[in-house]
Amino acid sequence: MTKEILYIKIAKILEDQILSETLRIGDKLPSIRSVQKIYDVSLNTVKLAFLELESKSLIESRPKSGYYVSKTSQRKCALPSISKPEICQNESDPEDLISKVFDTLHYKDIRQFSLGVPDPSFLPIAKLNKGVLKTIRNLEGSGTAYEPLEGSLNLRRNIAKWSLVLEGKITEDDLITTSGAMNAIFNCLMAVTKRGDTLAIESPVYFGIIQIAKAMGLNVIELPTHPVTGVDIDALRKIIHKVDACCFISNFSNPLGSLMPEERKKELVELLTYHNIPLIEDDLYGNLFFGTSRPKPCKAFDEAGIVMWCGSVSKTLAPGYRVGWVAPGKYKEKILRQKLIQTISTPPLYQEVIADFLENGRYDHHLRGFRQKLHTNCLKYQRAVEEYFPESTKISQPQGGFVLWLELDNRIDTAQLYDVAVKQNISFAPGRMFTQHDQFNNCMRLNFALKWDENLENDLKKLGTIVKNAL
């Protein structure tokens, strides 16, 4: 086992003990030499593990005394409420609010807590640029020719090889490349629904899914969703007779960060298989896990081909490349016909760049460091919110991904608060964006895939002050 994996493993064991309160605030950790003897590793490996825990503010060093569990290691704020979507009369469409937030995205002087992409400093841009030059030299016609309708064979083969979590259930023949995950979801909805059909989704949910569904003339049912375990399957069971298709983010949902337990994924797939209802699974964040292993998607439990597994590298590697894919199960031919009509083929250049990145192990290496930064940032954001926001603030506890969901005092309207924050060069995503109903008005989503420094912490402090002044 490599030194890198060893120190992360040791740090994770100690972190779990701290979070479970086996090691409590103020407790002294075993000495570096003691940990070295316990795990039979080098002193440097243990020092790296302790440094990792320090970077997350879980432990602190005291001169000539050793390491202690930090006072900031435990959560103080409650989790957000379980959503209870209710249809209200005279609801306003959030389209204008969504447009207002997106209008600020290109202003360099605004802190973009609202943006759903990682900071460029977290991405291997130099390596990707080398990959582009290499691909242009080696690709027939330098990428000017049409691809096969299914997409790059090289990319599909590497996605299939890389997706070990699916235990060999996916081959290159099961995959179709798309222009990002949203294009995959759109194609899936086109394949399995028609105008007037009903789509079941989580609540809150990524606003793009609602926008697509509404543009297609679909009825949308938002289901109660737990901030940790995800969508309520019992609630789905009660209205299953009304549903024509489902679209869920089972791994690290956007915006809650919830993770559906494996047994619930099995239960969900069994329920939908029995009723022959397709499940569009957005697994965009599945590789950004904070635990020891990648969680399985619902697709892993699909025997009948009803799960349409969608993914991309937009959140992990290259947002602007628009490289995505779908394993559409028994709906493959419909997706292919639609792709032929819409685009004929997807651009080959960036597909080959990503394929090369997957093939040579660089993606795995990048993800290890990226996940580590995200987890550290998540903990730092949570502690900043606990320190700078009102005590009544509720904070999500994402187990992966890079968005944080805050539930504020009921008196606060984050749509109005947004206008105040933007004047102070801070942008966030108001909660009303993530629903079709008049709810989550006192909530906001923050992106924590930004480079942490003193200026960022000051902006979180400034945002906390804005919230306090609104009370």
# chains A, B, ... in the order shown; residues from 1 in each chain; ligands from 1
call {"tool": "residues_around", "arguments": {"residues": "Gly305 of chain A", "least_positions_apart": "2", "cutoff": "10 Å", "atoms": "only C-alpha atoms", "output": "MDAnalysis selection string"}}
result
chainID A and resid 273 276 278:279 299 301:303 307:308 327:332
call {"tool": "residues_around", "arguments": {"residues": "Ser163 of chain A", "least_positions_apart": "3", "cutoff": "12 Å", "atoms": "only C-alpha atoms", "output": "PyMOL selection string"}}
result
chain A and resi 156-160+166-172+175+283+286-287+294-297+299-300+309+311+327+358+364
call {"tool": "closest_residue", "arguments": {"among": "A:Gly361, A:Arg111, A:Ala245, A:Arg368", "to": "Glu457 of chain A", "atoms": "only C-alpha atoms"}}
result
A:Arg111
call {"tool": "select_by_dssp", "arguments": {"residues": "segment 376-421 of chain A", "states": "strand (DSSP E or B)", "output": "number ranges by chain"}}
result
A: 394-395, 400, 403-407
call {"tool": "residues_around", "arguments": {"residues": "segment 388-397 of chain A", "least_positions_apart": "3", "cutoff": "8 Å", "atoms": "only C-alpha atoms", "output": "list in words"}}
result
Cys77, Ala78, Leu79, Pro80, Pro227, Val228, Leu256, Gly257, Ser258, Gln382, Ala384, Val385, Leu404, Trp405, Leu406, Glu407, Leu408, Asp409, Leu460, Lys461, Leu463, Gly464, Thr465, Val467 and Lys468 of chain A
call {"tool": "closest_atom_pairs", "arguments": {"of": "segment 314-353 of chain A", "to": "segment 187-211 of chain A", "cutoff": "12 Å", "atoms": "only C-alpha atoms", "output": "JSON lines"}}
result
{"residue": "A:Gly324", "atom": "CA", "partner": "A:Asn187", "partner_atom": "CA", "distance": 11.9}
{"residue": "A:Trp325", "atom": "CA", "partner": "A:Asn187", "partner_atom": "CA", "distance": 10.6}
{"residue": "A:Val326", "atom": "CA", "partner": "A:Cys188", "partner_atom": "CA", "distance": 8.5}
{"residue": "A:Ala327", "atom": "CA", "partner": "A:Cys188", "partner_atom": "CA", "distance": 9.9}
{"residue": "A:Pro328", "atom": "CA", "partner": "A:Cys188", "partner_atom": "CA", "distance": 7.4}
{"residue": "A:Gly329", "atom": "CA", "partner": "A:Cys188", "partner_atom": "CA", "distance": 10.5}
{"residue": "A:Lys330", "atom": "CA", "partner": "A:Ala191", "partner_atom": "CA", "distance": 10.6}
{"residue": "A:Tyr331", "atom": "CA", "partner": "A:Ala191", "partner_atom": "CA", "distance": 7.0}
{"residue": "A:Lys332", "atom": "CA", "partner": "A:Ala191", "partner_atom": "CA", "distance": 9.0}
{"residue": "A:Glu333", "atom": "CA", "partner": "A:Ala191", "partner_atom": "CA", "distance": 9.2}
{"residue": "A:Lys334", "atom": "CA", "partner": "A:Ala191", "partner_atom": "CA", "distance": 5.7}
{"residue": "A:Ile335", "atom": "CA", "partner": "A:Ala191", "partner_atom": "CA", "distance": 6.2}
{"residue": "A:Leu336", "atom": "CA", "partner": "A:Asn187", "partner_atom": "CA", "distance": 9.3}
{"residue": "A:Arg337", "atom": "CA", "partner": "A:Ala191", "partner_atom": "CA", "distance": 9.4}
{"residue": "A:Gln338", "atom": "CA", "partner": "A:Asn187", "partner_atom": "CA", "distance": 7.1}
{"residue": "A:Lys339", "atom": "CA", "partner": "A:Asn187", "partner_atom": "CA", "distance": 7.8}
{"residue": "A:Leu340", "atom": "CA", "partner": "A:Asn187", "partner_atom": "CA", "distance": 11.4}
{"residue": "A:Ile341", "atom": "CA", "partner": "A:Asn187", "partner_atom": "CA", "distance": 11.3}
{"residue": "A:Gln342", "atom": "CA", "partner": "A:Asn187", "partner_atom": "CA", "distance": 9.7}
{"residue": "A:Thr343", "atom": "CA", "partner": "A:Asn187", "partner_atom": "CA", "distance": 11.7}
call {"tool": "closest_atom_pairs", "arguments": {"of": "segment 264-363 of chain A", "to": "segment 113-117 of chain A", "cutoff": "12 Å", "atoms": "only C-alpha atoms", "output": "Markdown table"}}
result
| residue | atom | partner | partner_atom | distance |
| --- | --- | --- | --- | --- |
| A:Leu284 | CA | A:Val117 | CA | 11.7 |
| A:Tyr285 | CA | A:Val117 | CA | 11.3 |
| A:Val313 | CA | A:Val117 | CA | 10.8 |
| A:Ser314 | CA | A:Val117 | CA | 7.6 |
| A:Lys315 | CA | A:Val117 | CA | 5.9 |
| A:Thr316 | CA | A:Val117 | CA | 8.5 |
| A:Leu317 | CA | A:Val117 | CA | 9.8 |
| A:Ala318 | CA | A:Val117 | CA | 9.2 |
| A:Pro319 | CA | A:Val117 | CA | 7.0 |
| A:Gly320 | CA | A:Val117 | CA | 9.9 |
call {"tool": "closest_atom_pairs", "arguments": {"of": "segment 326-353 of chain A", "to": "segment 126-140 of chain A", "cutoff": "9 Å", "atoms": "only C-alpha atoms", "output": "tab-separated table"}}
result
residue	atom	partner	partner_atom	distance
A:Pro348	CA	A:Leu139	CA	8.8
A:Leu349	CA	A:Thr135	CA	7.0
A:Tyr350	CA	A:Val132	CA	7.4
A:Glu352	CA	A:Thr135	CA	6.6
A:Val353	CA	A:Gly131	CA	5.4
call {"tool": "write_last_selection", "arguments": {"atoms": "C-alpha atoms", "output": "PDB file, in the first residue's frame"}}
result
ATOM      1  CA  PRO A 348     -14.684  14.124 -31.117  1.00  0.00           C
ATOM      2  CA  LEU A 349     -11.781  16.285 -29.909  1.00  0.00           C
ATOM      3  CA  TYR A 350     -12.664  16.703 -26.232  1.00  0.00           C
ATOM      4  CA  GLU A 352     -10.614  11.837 -26.991  1.00  0.00           C
ATOM      5  CA  VAL A 353      -8.859  14.176 -24.542  1.00  0.00           C
TER       6      VAL A 353
END
call {"tool": "select_by_dssp", "arguments": {"residues": "segment 110-224 of chain A", "states": "helix (DSSP H, G or I)", "output": "PyMOL selection string"}}
result
chain A and resi 120-122+125-138+140-143+153-162+164-166+172-174+180-192+207-215
call {"tool": "atom_distance", "arguments": {"atom1": "atom CA of Lys28 of chain A", "atom2": "atom CA of Gly66 of chain A"}}
result
7.2 Å
call {"tool": "atom_distance", "arguments": {"atom1": "atom CA of Pro430 of chain A", "atom2": "atom CA of Val220 of chain A"}}
result
20.5 Å
call {"tool": "decode", "arguments": {"residues": "segment 111-223 of chain A", "atoms": "C-alpha atoms", "output": "mmCIF file, in the first residue's frame"}}
result
data_model
loop_
_atom_site.group_PDB
_atom_site.id
_atom_site.type_symbol
_atom_site.label_atom_id
_atom_site.label_comp_id
_atom_site.auth_asym_id
_atom_site.auth_seq_id
_atom_site.Cartn_x
_atom_site.Cartn_y
_atom_site.Cartn_z
ATOM 1 C CA ARG A 111 -17.668 36.091 -5.075
ATOM 2 C CA GLN A 112 -19.493 33.278 -6.848
ATOM 3 C CA PHE A 113 -20.865 31.109 -4.069
ATOM 4 C CA SER A 114 -23.760 30.592 -6.498
ATOM 5 C CA LEU A 115 -21.782 28.949 -9.278
ATOM 6 C CA GLY A 116 -22.090 25.154 -9.624
ATOM 7 C CA VAL A 117 -18.586 24.485 -10.979
ATOM 8 C CA PRO A 118 -15.205 24.023 -9.268
ATOM 9 C CA ASP A 119 -12.610 26.743 -9.055
ATOM 10 C CA PRO A 120 -10.123 26.516 -11.977
ATOM 11 C CA SER A 121 -7.284 26.118 -9.468
ATOM 12 C CA PHE A 122 -8.768 22.730 -8.518
ATOM 13 C CA LEU A 123 -8.627 21.420 -12.100
ATOM 14 C CA PRO A 124 -5.618 19.893 -13.947
ATOM 15 C CA ILE A 125 -5.794 22.483 -16.719
ATOM 16 C CA ALA A 126 -2.131 22.253 -17.799
ATOM 17 C CA LYS A 127 -2.394 18.467 -18.188
ATOM 18 C CA LEU A 128 -5.644 18.801 -20.116
ATOM 19 C CA ASN A 129 -4.007 21.337 -22.444
ATOM 20 C CA LYS A 130 -1.205 18.865 -23.164
ATOM 21 C CA GLY A 131 -3.873 16.266 -23.852
ATOM 22 C CA VAL A 132 -5.550 18.580 -26.380
ATOM 23 C CA LEU A 133 -2.284 19.049 -28.308
ATOM 24 C CA LYS A 134 -1.548 15.323 -28.226
ATOM 25 C CA THR A 135 -5.061 14.495 -29.445
ATOM 26 C CA ILE A 136 -4.926 17.004 -32.313
ATOM 27 C CA ARG A 137 -1.673 15.413 -33.500
ATOM 28 C CA ASN A 138 -2.957 11.842 -33.290
ATOM 29 C CA LEU A 139 -6.655 12.098 -34.154
ATOM 30 C CA GLU A 140 -7.592 11.458 -37.766
ATOM 31 C CA GLY A 141 -8.416 14.788 -39.407
ATOM 32 C CA SER A 142 -7.366 16.514 -36.153
ATOM 33 C CA GLY A 143 -10.912 16.057 -34.872
ATOM 34 C CA THR A 144 -12.755 17.451 -37.908
ATOM 35 C CA ALA A 145 -14.455 14.177 -38.904
ATOM 36 C CA TYR A 146 -17.814 12.839 -37.718
ATOM 37 C CA GLU A 147 -17.809 10.413 -34.803
ATOM 38 C CA PRO A 148 -19.909 7.224 -34.734
ATOM 39 C CA LEU A 149 -23.451 7.977 -33.579
ATOM 40 C CA GLU A 150 -22.809 6.329 -30.194
ATOM 41 C CA GLY A 151 -19.794 8.587 -29.661
ATOM 42 C CA SER A 152 -16.073 7.984 -29.300
ATOM 43 C CA LEU A 153 -15.365 4.268 -28.944
ATOM 44 C CA ASN A 154 -12.196 5.102 -27.015
ATOM 45 C CA LEU A 155 -14.122 7.220 -24.510
ATOM 46 C CA ARG A 156 -16.961 4.728 -24.103
ATOM 47 C CA ARG A 157 -14.494 1.884 -23.566
ATOM 48 C CA ASN A 158 -12.615 3.851 -20.914
ATOM 49 C CA ILE A 159 -15.791 4.892 -19.111
ATOM 50 C CA ALA A 160 -16.855 1.237 -19.034
ATOM 51 C CA LYS A 161 -13.423 0.124 -17.740
ATOM 52 C CA TRP A 162 -13.299 2.916 -15.179
ATOM 53 C CA SER A 163 -16.816 2.307 -13.817
ATOM 54 C CA LEU A 164 -15.778 -0.523 -11.515
ATOM 55 C CA VAL A 165 -18.590 0.403 -9.119
ATOM 56 C CA LEU A 166 -20.996 -1.127 -11.654
ATOM 57 C CA GLU A 167 -19.139 -4.436 -11.345
ATOM 58 C CA GLY A 168 -18.760 -5.045 -15.065
ATOM 59 C CA LYS A 169 -22.414 -4.456 -15.907
ATOM 60 C CA ILE A 170 -21.515 -1.674 -18.369
ATOM 61 C CA THR A 171 -19.653 -2.169 -21.649
ATOM 62 C CA GLU A 172 -18.821 0.334 -24.375
ATOM 63 C CA ASP A 173 -21.872 -0.912 -26.290
ATOM 64 C CA ASP A 174 -24.165 0.187 -23.446
ATOM 65 C CA LEU A 175 -23.021 3.831 -23.560
ATOM 66 C CA ILE A 176 -23.863 6.841 -25.702
ATOM 67 C CA THR A 177 -21.900 10.083 -25.385
ATOM 68 C CA THR A 178 -23.728 13.390 -24.936
ATOM 69 C CA SER A 179 -22.999 17.101 -24.605
ATOM 70 C CA GLY A 180 -22.825 17.004 -20.809
ATOM 71 C CA ALA A 181 -25.162 15.433 -18.270
ATOM 72 C CA MET A 182 -28.041 17.866 -18.856
ATOM 73 C CA ASN A 183 -28.126 16.874 -22.526
ATOM 74 C CA ALA A 184 -28.214 13.238 -21.390
ATOM 75 C CA ILE A 185 -31.141 13.926 -19.041
ATOM 76 C CA PHE A 186 -32.993 15.837 -21.761
ATOM 77 C CA ASN A 187 -32.570 12.941 -24.194
ATOM 78 C CA CYS A 188 -33.756 10.475 -21.562
ATOM 79 C CA LEU A 189 -36.901 12.511 -20.879
ATOM 80 C CA MET A 190 -37.533 12.794 -24.617
ATOM 81 C CA ALA A 191 -37.245 9.016 -24.948
ATOM 82 C CA VAL A 192 -39.594 7.974 -22.121
ATOM 83 C CA THR A 193 -42.177 10.770 -21.743
ATOM 84 C CA LYS A 194 -44.633 12.804 -23.799
ATOM 85 C CA ARG A 195 -46.413 16.097 -23.142
ATOM 86 C CA GLY A 196 -48.819 15.735 -20.229
ATOM 87 C CA ASP A 197 -46.910 12.877 -18.553
ATOM 88 C CA THR A 198 -45.892 13.106 -14.900
ATOM 89 C CA LEU A 199 -42.296 13.176 -13.656
ATOM 90 C CA ALA A 200 -41.381 12.508 -9.997
ATOM 91 C CA ILE A 201 -38.330 14.361 -8.646
ATOM 92 C CA GLU A 202 -36.645 15.247 -5.349
ATOM 93 C CA SER A 203 -37.347 18.477 -3.504
ATOM 94 C CA PRO A 204 -35.320 20.644 -3.463
ATOM 95 C CA VAL A 205 -33.791 19.699 -6.799
ATOM 96 C CA TYR A 206 -31.383 21.181 -9.335
ATOM 97 C CA PHE A 207 -33.417 23.849 -11.127
ATOM 98 C CA GLY A 208 -32.305 22.731 -14.603
ATOM 99 C CA ILE A 209 -34.286 19.511 -14.252
ATOM 100 C CA ILE A 210 -37.487 21.441 -13.507
ATOM 101 C CA GLN A 211 -36.816 23.816 -16.407
ATOM 102 C CA ILE A 212 -36.427 20.933 -18.883
ATOM 103 C CA ALA A 213 -39.550 19.167 -17.595
ATOM 104 C CA LYS A 214 -41.667 22.308 -17.804
ATOM 105 C CA ALA A 215 -40.383 23.141 -21.307
ATOM 106 C CA MET A 216 -41.440 19.649 -22.401
ATOM 107 C CA GLY A 217 -44.944 20.103 -21.001
ATOM 108 C CA LEU A 218 -44.536 17.549 -18.217
ATOM 109 C CA ASN A 219 -46.315 17.618 -14.877
ATOM 110 C CA VAL A 220 -43.833 17.545 -12.018
ATOM 111 C CA ILE A 221 -44.391 16.004 -8.588
ATOM 112 C CA GLU A 222 -41.835 17.010 -5.961
ATOM 113 C CA LEU A 223 -41.326 14.363 -3.269
#
